[in-house]
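Asker: See data.cif below, with mmCIF, C-alpha atoms.
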data_data
loop_
_atom_site.label_atom_id
_atom_site.label_comp_id
_atom_site.auth_asym_id
_atom_site.auth_seq_id
_atom_site.Cartn_x
_atom_site.Cartn_y
_atom_site.Cartn_z
CA MET A 1350 -28.92 0.55 5.44
CA ARG A 1351 -27.59 2.51 2.49
CA ILE A 1352 -23.98 3.53 3.05
CA ALA A 1353 -21.41 5.54 1.10
CA ILE A 1354 -17.85 4.52 1.95
CA VAL A 1355 -15.35 7.32 1.21
CA VAL A 1356 -11.75 6.07 1.05
CA ASP A 1357 -8.87 7.49 -1.01
CA THR A 1358 -7.69 4.23 -2.54
CA TYR A 1359 -9.61 0.98 -2.87
CA ASP A 1360 -7.27 -0.93 -5.18
CA ASP A 1361 -3.91 -1.26 -3.39
CA MET A 1362 -4.12 -4.49 -1.40
CA GLY A 1363 -0.74 -3.74 0.16
CA ASN A 1364 -2.37 -0.92 2.10
CA GLY A 1365 -3.91 -1.83 5.47
CA THR A 1366 -6.71 0.75 5.20
CA THR A 1367 -7.67 -0.55 1.77
CA VAL A 1368 -7.72 -4.14 3.03
CA SER A 1369 -9.90 -3.15 5.98
CA ALA A 1370 -12.30 -1.14 3.83
CA ARG A 1371 -12.69 -3.94 1.29
CA ARG A 1372 -13.41 -6.52 3.97
CA PHE A 1373 -15.97 -4.32 5.72
CA VAL A 1374 -17.72 -3.54 2.41
CA SER A 1375 -17.83 -7.20 1.40
CA GLU A 1376 -19.27 -8.35 4.72
CA LEU A 1377 -21.81 -5.53 4.90
CA ARG A 1378 -23.05 -6.41 1.42
CA LYS A 1379 -23.35 -10.08 2.38
CA ARG A 1380 -25.70 -8.98 5.16
CA GLY A 1381 -27.96 -7.19 2.71
CA HIS A 1382 -26.82 -3.60 3.15
CA PHE A 1383 -26.33 -1.38 0.11
CA VAL A 1384 -22.78 -0.04 0.03
CA LYS A 1385 -21.30 2.22 -2.62
CA VAL A 1386 -17.59 2.99 -2.59
CA LEU A 1387 -16.21 6.40 -3.57
CA SER A 1388 -12.49 6.22 -4.30
CA TYR A 1389 -9.61 6.92 -6.64
CA SER A 1390 -9.52 3.95 -8.97
CA GLN A 1391 -8.97 2.89 -12.55
CA THR A 1392 -10.75 -0.43 -12.07
CA PRO A 1393 -14.55 -0.37 -12.45
CA GLU A 1394 -16.53 -2.53 -10.03
CA PRO A 1395 -20.24 -2.72 -9.17
CA ASP A 1396 -21.29 0.17 -6.92
CA LYS A 1397 -17.83 1.76 -7.04
CA VAL A 1398 -17.68 5.42 -8.04
CA LEU A 1399 -14.36 6.27 -9.68
CA PHE A 1400 -12.56 9.52 -8.90
CA ASP A 1401 -9.36 10.92 -10.39
CA GLN A 1402 -6.01 10.92 -8.60
CA TYR A 1403 -5.04 14.07 -6.72
CA ILE A 1404 -1.49 15.06 -7.62
CA VAL A 1405 0.30 16.81 -4.75
CA PRO A 1406 2.98 19.22 -5.96
CA ILE A 1407 6.53 18.53 -4.67
CA PHE A 1408 5.46 15.55 -2.56
CA GLN A 1409 4.01 13.36 -5.32
CA PRO A 1410 7.21 11.30 -5.83
CA LEU A 1411 7.18 10.40 -2.13
CA ILE A 1412 3.48 9.52 -2.28
CA ASP A 1413 4.13 7.30 -5.31
CA LYS A 1414 6.95 5.47 -3.52
CA ASN A 1415 4.61 4.76 -0.62
CA ARG A 1416 1.85 3.70 -3.01
CA ALA A 1417 -0.43 5.99 -1.01
CA ASN A 1418 -2.65 7.29 -3.81
CA ILE A 1419 -4.79 10.28 -2.87
CA ALA A 1420 -8.19 10.81 -4.48
CA LYS A 1421 -9.16 14.12 -6.04
CA PRO A 1422 -12.35 15.64 -4.60
CA ASP A 1423 -15.26 16.33 -6.92
CA VAL A 1424 -18.03 18.28 -5.18
CA LYS A 1425 -20.71 17.74 -7.80
CA LYS A 1426 -20.05 14.01 -7.88
CA PHE A 1427 -20.25 13.86 -4.06
CA GLN A 1428 -23.56 15.75 -4.16
CA GLN A 1429 -24.96 13.31 -6.70
CA GLU A 1430 -23.77 10.16 -4.91
CA PHE A 1431 -24.95 11.25 -1.44
CA LEU A 1432 -28.56 11.77 -2.53
CA ASP A 1433 -29.60 8.13 -2.03
CA VAL A 1434 -27.66 7.08 1.10
CA ASP A 1435 -28.49 7.09 4.79
CA PHE A 1436 -25.02 8.25 5.80
CA VAL A 1437 -21.40 8.46 4.67
CA HIS A 1438 -18.47 6.69 6.35
CA ILE A 1439 -15.18 8.52 5.75
CA TYR A 1440 -11.96 6.60 6.32
CA LEU A 1441 -9.12 9.11 6.04
CA SER A 1442 -8.47 12.70 7.04
CA LEU A 1443 -7.20 13.88 3.68
CA PRO A 1444 -8.63 16.41 1.17
CA PHE A 1445 -10.92 13.78 -0.37
CA GLY A 1446 -12.49 13.02 2.99
CA TRP A 1447 -12.55 16.65 4.08
CA THR A 1448 -14.53 17.67 1.03
CA ALA A 1449 -16.92 14.73 1.30
CA ALA A 1450 -17.64 15.60 4.94
CA LYS A 1451 -18.38 19.22 4.19
CA VAL A 1452 -20.63 18.37 1.24
CA ALA A 1453 -22.54 15.73 3.23
CA TYR A 1454 -22.95 18.13 6.16
CA LYS A 1455 -24.39 20.81 3.90
CA MET A 1456 -26.80 18.25 2.42
CA GLY A 1457 -27.92 17.07 5.85
CA VAL A 1458 -26.45 13.58 5.36
CA PRO A 1459 -24.95 12.21 8.63
CA VAL A 1460 -21.17 11.82 8.63
CA PHE A 1461 -19.58 8.82 10.34
CA THR A 1462 -15.77 8.83 10.47
CA ALA A 1463 -12.86 6.54 11.24
CA PHE A 1464 -9.32 7.19 12.45
CA HIS A 1465 -6.90 5.29 10.22
CA LEU A 1466 -4.23 7.96 9.69
CA HIS A 1467 -1.98 9.09 12.55
CA PRO A 1468 -0.16 12.43 12.09
CA GLY A 1469 3.04 10.52 12.84
CA ASN A 1470 2.62 8.64 9.57
CA ILE A 1471 2.97 11.99 7.81
CA THR A 1472 5.88 13.38 9.83
CA TYR A 1473 7.94 10.19 9.48
CA ASN A 1474 7.43 10.06 5.74
CA LEU A 1475 8.51 13.70 5.51
CA LYS A 1476 11.66 12.60 7.37
CA LEU A 1477 10.74 14.77 10.36
CA GLY A 1478 10.59 11.77 12.69
CA HIS A 1479 9.16 12.46 16.13
CA ALA A 1480 7.81 16.02 15.84
CA PRO A 1481 5.36 16.66 18.74
CA LEU A 1482 4.48 20.23 17.78
CA ILE A 1483 3.76 19.36 14.15
CA GLU A 1484 1.74 16.32 15.22
CA LYS A 1485 -0.31 18.51 17.57
CA LEU A 1486 -1.00 20.96 14.75
CA LEU A 1487 -2.01 18.10 12.45
CA PHE A 1488 -4.45 16.76 15.04
CA ARG A 1489 -6.03 20.23 15.14
CA LEU A 1490 -6.17 20.32 11.35
CA PHE A 1491 -7.79 16.89 11.22
CA LYS A 1492 -10.43 17.99 13.71
CA LYS A 1493 -11.21 21.19 11.83
CA LYS A 1494 -11.30 19.67 8.37
CA LEU A 1495 -13.01 16.33 9.07
CA TYR A 1496 -13.91 15.22 12.56
CA ASN A 1497 -15.86 18.34 13.58
CA TYR A 1498 -18.39 17.32 10.93
CA SER A 1499 -18.96 13.97 12.62
CA THR A 1500 -20.61 12.86 15.85
CA ASP A 1501 -19.06 9.37 15.87
CA ILE A 1502 -15.59 7.98 15.21
CA HIS A 1503 -14.53 4.36 14.67
CA CYS A 1504 -11.35 3.65 16.66
CA PRO A 1505 -9.67 0.39 15.57
CA THR A 1506 -7.94 0.06 18.96
CA GLN A 1507 -8.01 1.30 22.54
CA PHE A 1508 -4.78 3.11 21.69
CA VAL A 1509 -6.64 5.25 19.15
CA TYR A 1510 -9.42 5.90 21.67
CA ASP A 1511 -6.94 7.07 24.29
CA THR A 1512 -5.05 9.20 21.75
CA LEU A 1513 -8.17 11.01 20.56
CA LYS A 1514 -9.32 11.63 24.11
CA ALA A 1515 -5.90 13.08 24.95
CA HIS A 1516 -6.22 15.48 22.01
CA GLY A 1517 -9.64 16.71 23.08
CA PHE A 1518 -11.92 14.88 20.67
CA LYS A 1519 -15.50 15.12 22.01
CA GLN A 1520 -17.21 12.75 19.59
CA GLU A 1521 -18.62 9.38 20.59
CA LEU A 1522 -15.72 6.96 20.12
CA HIS A 1523 -16.25 3.29 19.24
CA VAL A 1524 -13.42 0.80 19.75
CA ILE A 1525 -13.80 -1.95 17.14
CA SER A 1526 -10.95 -3.93 15.64
CA ASN A 1527 -10.61 -3.88 11.86
CA GLY A 1528 -10.52 -7.66 12.20
CA TYR A 1529 -8.94 -10.36 10.07
CA ASP A 1530 -10.34 -13.02 7.76
CA ASP A 1531 -10.16 -16.27 9.76
CA LYS A 1532 -11.27 -18.23 6.70
CA ARG A 1533 -7.93 -17.43 5.07
CA PHE A 1534 -5.49 -16.83 7.92
CA PHE A 1535 -5.16 -19.89 10.14
CA PRO A 1536 -2.49 -22.51 10.97
CA MET A 1537 -1.81 -24.88 8.07
CA GLN A 1538 0.89 -27.22 6.87
CA VAL A 1539 2.81 -25.79 3.91
CA GLU A 1540 5.79 -26.82 1.83
CA ARG A 1541 8.69 -24.49 2.50
CA LEU A 1542 10.59 -22.86 -0.34
CA ASP A 1543 14.02 -24.33 -0.99
CA SER A 1544 15.68 -21.09 0.13
CA TRP A 1545 13.81 -21.32 3.46
CA LYS A 1546 14.74 -24.89 4.29
CA ASP A 1547 17.14 -25.34 7.22
CA LYS A 1548 16.65 -21.66 8.11
CA PHE A 1549 14.99 -19.91 11.03
CA VAL A 1550 12.67 -17.62 9.06
CA ILE A 1551 11.71 -14.24 10.49
CA MET A 1552 8.81 -12.61 8.69
CA CYS A 1553 7.97 -8.89 8.66
CA VAL A 1554 5.06 -7.59 6.57
CA GLY A 1555 4.62 -3.91 5.90
CA ARG A 1556 5.50 -0.86 3.85
CA LEU A 1557 9.24 -0.21 3.72
CA SER A 1558 9.13 3.31 5.16
CA GLY A 1559 10.58 5.30 8.02
CA GLU A 1560 7.95 4.73 10.70
CA LYS A 1561 7.98 0.95 10.17
CA LYS A 1562 11.65 0.77 11.30
CA GLN A 1563 12.66 -2.41 9.48
CA ASP A 1564 16.30 -1.32 9.97
CA VAL A 1565 15.93 -2.32 13.63
CA ILE A 1566 15.25 -5.93 12.58
CA ILE A 1567 18.27 -6.03 10.27
CA LYS A 1568 20.56 -4.66 13.00
CA ALA A 1569 19.15 -7.10 15.56
CA ILE A 1570 19.83 -10.13 13.35
CA ALA A 1571 23.34 -8.86 12.60
CA ARG A 1572 24.30 -9.26 16.27
CA SER A 1573 22.42 -12.53 16.86
CA LYS A 1574 24.39 -15.58 17.98
CA HIS A 1575 22.48 -17.48 15.30
CA LYS A 1576 22.93 -14.96 12.49
CA ASP A 1577 23.99 -17.52 9.90
CA LYS A 1578 20.92 -19.64 10.59
CA ILE A 1579 18.44 -16.79 10.17
CA LEU A 1580 16.61 -15.74 7.01
CA LEU A 1581 14.79 -12.40 7.18
CA VAL A 1582 11.82 -11.98 4.84
CA LEU A 1583 10.71 -8.37 4.39
CA ALA A 1584 7.34 -8.57 2.69
CA GLY A 1585 6.44 -5.17 1.38
CA MET A 1586 7.32 -2.26 -0.88
CA GLY A 1587 8.21 1.32 -0.15
CA PRO A 1588 10.68 4.19 -0.47
CA LEU A 1589 13.37 2.65 1.77
CA LYS A 1590 13.74 -0.64 -0.08
CA ASN A 1591 17.11 0.26 -1.63
CA LYS A 1592 18.40 1.57 1.69
CA TYR A 1593 17.46 -1.64 3.49
CA GLN A 1594 18.95 -3.79 0.74
CA LYS A 1595 22.25 -1.96 1.16
CA LEU A 1596 22.09 -2.22 4.97
CA ALA A 1597 21.38 -5.97 4.85
CA LYS A 1598 24.26 -6.48 2.44
CA LYS A 1599 26.62 -4.38 4.57
CA LEU A 1600 25.75 -6.28 7.76
CA LYS A 1601 25.70 -9.61 5.91
CA VAL A 1602 22.14 -10.43 6.96
CA ASN A 1603 20.47 -13.04 4.76
CA THR A 1604 17.40 -11.16 3.54
CA GLU A 1605 14.66 -11.69 0.97
CA PHE A 1606 12.52 -8.78 -0.24
CA ASN A 1607 9.13 -10.01 -1.45
CA PHE A 1608 5.61 -8.76 -1.98
CA TYR A 1609 2.85 -11.33 -1.49
CA SER A 1610 -0.67 -11.21 -2.85
CA GLN A 1611 -3.52 -11.70 -0.40
CA GLU A 1612 -3.83 -15.23 -1.79
CA ASP A 1613 -0.18 -16.14 -1.22
CA LEU A 1614 0.39 -14.34 2.09
CA PRO A 1615 -1.25 -16.96 4.38
CA LYS A 1616 1.04 -19.69 3.02
CA ALA A 1617 4.12 -17.50 3.40
CA LEU A 1618 3.24 -16.70 7.01
CA ASN A 1619 2.69 -20.37 7.77
CA GLY A 1620 6.12 -21.15 6.39
CA ALA A 1621 7.93 -18.76 8.77
CA ASP A 1622 9.05 -19.26 12.40
CA ILE A 1623 8.39 -15.92 14.10
CA TYR A 1624 7.02 -12.49 13.20
CA VAL A 1625 8.80 -9.25 14.11
CA HIS A 1626 7.07 -5.86 14.19
CA CYS A 1627 9.13 -2.72 14.85
CA ALA A 1628 6.81 0.09 13.70
CA GLN A 1629 6.84 3.22 15.84
CA ILE A 1630 3.53 4.53 14.47
CA GLU A 1631 0.70 2.02 14.09
CA ILE A 1632 -3.08 2.34 14.36
CA GLU A 1633 -3.58 -1.43 14.72
CA SER A 1634 -1.56 -3.54 12.23
CA ILE A 1635 -3.70 -6.03 10.38
CA SER A 1636 -0.50 -7.69 9.15
CA CYS A 1637 0.60 -8.58 12.69
CA MET A 1638 -2.89 -9.85 13.49
CA GLU A 1639 -2.90 -12.06 10.41
CA ALA A 1640 0.55 -13.35 11.32
CA PHE A 1641 -0.29 -14.60 14.80
CA ALA A 1642 -3.61 -15.92 13.49
CA THR A 1643 -1.52 -18.44 11.54
CA GLY A 1644 0.33 -19.33 14.74
CA LEU A 1645 3.39 -17.14 14.22
CA VAL A 1646 4.70 -15.88 17.56
CA PRO A 1647 5.20 -12.11 17.31
CA VAL A 1648 7.96 -9.98 18.79
CA ILE A 1649 6.71 -6.40 18.89
CA GLY A 1650 8.30 -3.03 19.65
CA ASN A 1651 6.46 -1.30 22.49
CA SER A 1652 6.29 2.18 20.97
CA LYS A 1653 4.01 4.60 22.81
CA LYS A 1654 2.49 5.56 19.45
CA SER A 1655 1.72 2.05 18.32
CA ALA A 1656 -1.24 -0.13 19.25
CA THR A 1657 0.39 -3.35 18.11
CA HIS A 1658 2.25 -4.27 21.31
CA TYR A 1659 -1.13 -4.74 23.02
CA PHE A 1660 -1.35 -8.02 21.08
CA ALA A 1661 1.61 -9.46 23.03
CA LEU A 1662 0.66 -12.23 25.49
CA ASP A 1663 3.81 -11.83 27.60
CA GLU A 1664 7.12 -9.96 27.79
CA ARG A 1665 8.85 -12.46 25.52
CA SER A 1666 6.82 -10.98 22.68
CA LYS A 1667 7.83 -7.37 23.38
CA PHE A 1668 11.01 -5.33 23.23
CA LYS A 1669 11.92 -1.73 23.97
CA ASP A 1670 11.03 0.53 21.08
CA GLY A 1671 13.96 0.82 18.67
CA ASP A 1672 16.31 -1.29 20.83
CA TYR A 1673 17.87 -3.73 18.37
CA ARG A 1674 20.01 -5.29 21.10
CA GLU A 1675 16.99 -6.34 23.14
CA LEU A 1676 15.25 -7.52 19.99
CA SER A 1677 18.31 -9.61 19.14
CA ASN A 1678 18.14 -11.27 22.56
CA LYS A 1679 14.43 -12.03 22.11
CA ILE A 1680 15.11 -13.58 18.71
CA ASP A 1681 17.85 -15.75 20.18
CA TYR A 1682 15.51 -16.84 22.98
CA TRP A 1683 12.92 -18.17 20.53
CA ILE A 1684 15.54 -19.93 18.44
CA GLU A 1685 16.96 -21.63 21.53
CA ASN A 1686 13.56 -22.62 22.97
CA PRO A 1687 11.66 -24.40 20.19
CA GLN A 1688 9.29 -26.14 22.60
CA GLU A 1689 8.19 -22.83 24.12
CA LEU A 1690 7.79 -21.47 20.61
CA LYS A 1691 5.47 -24.34 19.75
CA ILE A 1692 3.37 -23.80 22.90
CA MET A 1693 3.04 -20.06 22.31
CA SER A 1694 2.24 -20.62 18.64
CA GLN A 1695 -0.91 -22.48 19.67
CA LYS A 1696 -1.82 -19.81 22.22
CA TYR A 1697 -1.50 -17.00 19.69
CA ALA A 1698 -3.66 -18.83 17.15
CA ILE A 1699 -6.37 -19.07 19.82
CA HIS A 1700 -5.82 -15.45 20.90
CA ALA A 1701 -6.46 -14.31 17.33
CA LYS A 1702 -10.07 -15.49 17.52
CA ASN A 1703 -10.80 -12.33 19.55
CA TYR A 1704 -10.24 -10.31 16.38
CA VAL A 1705 -12.26 -12.26 13.81
CA LEU A 1706 -13.75 -10.03 11.12
CA GLU A 1707 -17.33 -11.24 11.59
CA LYS A 1708 -17.26 -10.08 15.23
CA SER A 1709 -16.13 -6.65 14.10
CA ILE A 1710 -18.95 -6.46 11.55
CA ASP A 1711 -21.50 -7.42 14.23
CA LYS A 1712 -20.25 -4.51 16.33
CA ILE A 1713 -20.05 -1.91 13.55
CA VAL A 1714 -23.58 -2.71 12.36
CA LYS A 1715 -24.95 -2.03 15.87
CA VAL A 1716 -22.96 1.20 16.01
CA TYR A 1717 -24.34 2.25 12.60
CA GLU A 1718 -27.91 1.55 13.73
CA ASN A 1719 -27.50 3.61 16.90
CA PHE A 1720 -25.79 6.35 14.89
CA LEU A 1721 -28.76 6.58 12.51
CA ASP A 1722 -31.24 6.56 15.39
CA LYS A 1723 -29.37 9.51 16.87
CA HIS A 1724 -29.73 11.47 13.61
CA LYS A 1725 -33.36 10.67 12.83
CA GLY A 1726 -35.39 13.78 12.11
CA LYS A 1727 -32.36 16.07 12.11
CA ASN A 1728 -31.56 18.21 9.10
CA LEU A 1729 -27.89 18.45 10.12
CA PRO A 1730 -25.70 16.33 12.37
CA SER A 1731 -25.27 17.69 15.86
CA CYS A 1732 -21.58 18.40 15.44
CA SER A 1733 -19.11 20.84 16.91
CA LYS A 1734 -19.93 24.54 16.85
CA ALA A 1735 -16.61 24.90 15.06
CA VAL A 1736 -18.33 23.51 11.97
CA GLU A 1737 -21.10 26.08 12.13
CA ASN A 1738 -18.55 28.83 12.55
CA GLU A 1739 -16.44 27.61 9.65
CA ASN A 1740 -19.47 27.32 7.40
CA GLN A 1741 -20.46 30.85 8.26
CA ILE A 1742 -17.03 32.04 7.21
CA ASN A 1743 -16.76 29.80 4.14
CA PRO A 1744 -20.25 28.58 3.16
CA ILE A 1745 -20.81 25.87 0.59
CA GLU A 1746 -22.40 27.15 -2.59
CA ASP A 1747 -23.80 24.05 -4.22
CA ASP A 1748 -23.00 24.95 -7.82
CA GLU A 1749 -20.05 27.28 -7.36
CA TYR A 1750 -18.25 25.67 -4.45
CA ALA A 1751 -14.89 24.27 -5.59
CA ALA A 1752 -12.73 21.57 -4.07
CA GLU A 1753 -9.93 24.10 -3.76
CA ASN A 1754 -11.88 25.81 -0.97
CA VAL A 1755 -11.50 22.69 1.14
CA LEU A 1756 -7.92 21.95 0.12
CA SER A 1757 -6.76 25.32 1.40
#
Please, can you express the file's structure as structure tokens?

Answerer:
Amino acid sequence: MRIAIVVDTYDDMGNGTTVSARRFVSELRKRGHFVKVLSYSQTPEPDKVLFDQYIVPIFQPLIDKNRANIAKPDVKKFQQEFLDVDFVHIYLSLPFGWTAAKVAYKMGVPVFTAFHLHPGNITYNLKLGHAPLIEKLLFRLFKKKLYNYSTDIHCPTQFVYDTLKAHGFKQELHVISNGYDDKRFFPMQVERLDSWKDKFVIMCVGRLSGEKKQDVIIKAIARSKHKDKILLVLAGMGPLKNKYQKLAKKLKVNTEFNFYSQEDLPKALNGADIYVHCAQIEIESISCMEAFATGLVPVIGNSKKSATHYFALDERSKFKDGDYRELSNKIDYWIENPQELKIMSQKYAIHAKNYVLEKSIDKIVKVYENFLDKHKGKNLPSCSKAVENENQINPIEDDEYAAENVLS
């Protein structure tokens, strides 16, 4: 197969979507498929097509803090790069993906999509928090701008499947985990850092932003009976780093703020005692998956808009969303029951084998093959009538069509 992967950023390895895309591309290439990547980047690589960064007025400082670079659409470049592929796989519902979908549709190139961006990620970063009406409007926007051009959507979790069904998505939905690299994330003996010795180390990996709710962890540790024994390691960057540093200092919670490379992360996870995940909006959470693959027992907030709590093997690994008191009790339980922690560590390492990357690639390849069979002999994908209507109103003119038409 010849595939064009369209993803806004392909360089930031602190971004879960980037990590997933890179792993899928690497494994697909190993199996002999031709894959070109279209993305914002300043780093040339074989079969990577570089696009400029799209600067969003007013909101760019916030985007920079989240390291969520957005690619600038280029219609003529899309037209050129889609000429020699069997289909395009678009990762994110943002202007870059919207434009790519519309161009591919006009060219008769099948559009396969994925759901990696929840509207809640946007509302939380705009400090709107839980905003049902705005989220509903964003789902409608996503459908109009991207998903109506596609017959098939990759859902990383059952949570995503259920969410899209609830919002009236009619496409064929495929539940396939993004998967983790079991050749790198597995239980191993490591030498602890001096600052970690004689401490009960709680690890949390993720962007330091509103929807990730790392403040809940800090508050939970502050009321723990074993507060002085605990070291919290927040592994990530983001706009709330200064706020969390001040909160940890105020509550006298021993905290380290680090950012680990993909090479160093497995060792850091293996050096910790438990993993805590408080995010209220989460499509899957590769970071949590990688953590329990190393044998770290997770304690996960059971937010209705997060898929991550489905990883929990029992109630000891879950707590009520946002309830730092219950989380504190769960942390104390694991500190006071080291034998149970050891038993569950082994169980989680085994449980992780259900999400091995190679299994995910086996599944996505079959889905791709069926997707192409469905589109054989068709000039245009059999998508929603909404696409036909929109194209009648705002047709694509190959040479005159501008990206601004899609951005509006």

Asker: Under the PyMOL selection byres ((chain A and resi 1391-1397) around 12), which residues of this model are included? Write them out as a count of residues only.

Answerer: 30

Asker: Could you tell me which residues the PyMOL selection byres ((chain A and resi 1509) around 10) returns for this structure, as an MDAnalysis selection string?

Answerer: chainID A and resid 1464:1465 1467 1503:1508 1510:1515 1522:1524 1631:1633 1654:1656

Asker: What's the 8 Å shell around A:Ala1463, counting all atoms listed in the file, without same-chain residues fewer than 3 positions away, as a list in words?

Answerer: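 Counting only the stated atoms, we get His1438, Ile1439, Tyr1440, Leu1441, Ile1502, His1503 and Cys1504 of chain A.
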
Asker: Restrict the selected residues to C-alpha atoms and save them as a PDB file, keeping the file's coordinate frame.

Answerer:
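Now in part.pdb:
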ATOM      1  CA  HIS A1438     -18.470   6.690   6.350  1.00  0.00           C
ATOM      2  CA  ILE A1439     -15.180   8.520   5.750  1.00  0.00           C
ATOM      3  CA  TYR A1440     -11.960   6.600   6.320  1.00  0.00           C
ATOM      4  CA  LEU A1441      -9.120   9.110   6.040  1.00  0.00           C
ATOM      5  CA  ILE A1502     -15.590   7.980  15.210  1.00  0.00           C
ATOM      6  CA  HIS A1503     -14.530   4.360  14.670  1.00  0.00           C
ATOM      7  CA  CYS A1504     -11.350   3.650  16.660  1.00  0.00           C
TER       8      CYS A1504
END

Asker: Which one of A:Lys1576, A:Lys1493, A:Lys1568, A:Lys1421 sits closest to A:Lys1599 if you count only C-alpha atoms?

Answerer: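 Of A:Lys1576, A:Lys1493, A:Lys1568, A:Lys1421, the one nearest A:Lys1599, counting only C-alpha atoms, is A:Lys1568.
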
Asker: What do you get, as a ChimeraX atom specification, if you spell out every residue that the PyMOL selection byres ((chain A and resi 1674-1682) around 7) selects here?

Answerer: /A:1569-1570,1572-1575,1665,1668-1669,1672-1673,1683-1686

Asker: Hey, can you check how far atom CA of A:Asp1423 sits from atom CA of A:Leu1466?

Answerer: 21.6 Å

Asker: Calculated over all atoms listed in the file, which of the candidates A:Asp1613, A:Pro1410, A:Ser1442, A:Tyr1454 has the smallest distance to A:Leu1475?

Answerer: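 The closest residue to A:Leu1475 is A:Pro1410.
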
Asker: Report as JSON lines: every residue of stretch 1500-1592 of chain A with an atom at most 8 Å from stretch 1699-1717 of chain A, its closest pair of atoms, and their distance in Å to one decimal, counting all atoms listed in the file, with rows sorted by chain and ascending residue number.

Answerer:
{"residue": "A:His1523", "atom": "CA", "partner": "A:Val1716", "partner_atom": "CA", "distance": 7.7}
{"residue": "A:Ile1525", "atom": "CA", "partner": "A:Ser1709", "partner_atom": "CA", "distance": 6.1}
{"residue": "A:Ser1526", "atom": "CA", "partner": "A:Ser1709", "partner_atom": "CA", "distance": 6.0}
{"residue": "A:Asn1527", "atom": "CA", "partner": "A:Ser1709", "partner_atom": "CA", "distance": 6.6}
{"residue": "A:Gly1528", "atom": "CA", "partner": "A:Leu1706", "partner_atom": "CA", "distance": 4.1}
{"residue": "A:Tyr1529", "atom": "CA", "partner": "A:Leu1706", "partner_atom": "CA", "distance": 4.9}
{"residue": "A:Asp1530", "atom": "CA", "partner": "A:Leu1706", "partner_atom": "CA", "distance": 5.6}
{"residue": "A:Asp1531", "atom": "CA", "partner": "A:Val1705", "partner_atom": "CA", "distance": 6.1}

Asker: Could you state the separation of atom CA of A:His1382 and atom CA of A:Val1434 in Å, given to one decimal place?

Answerer: 10.9 Å
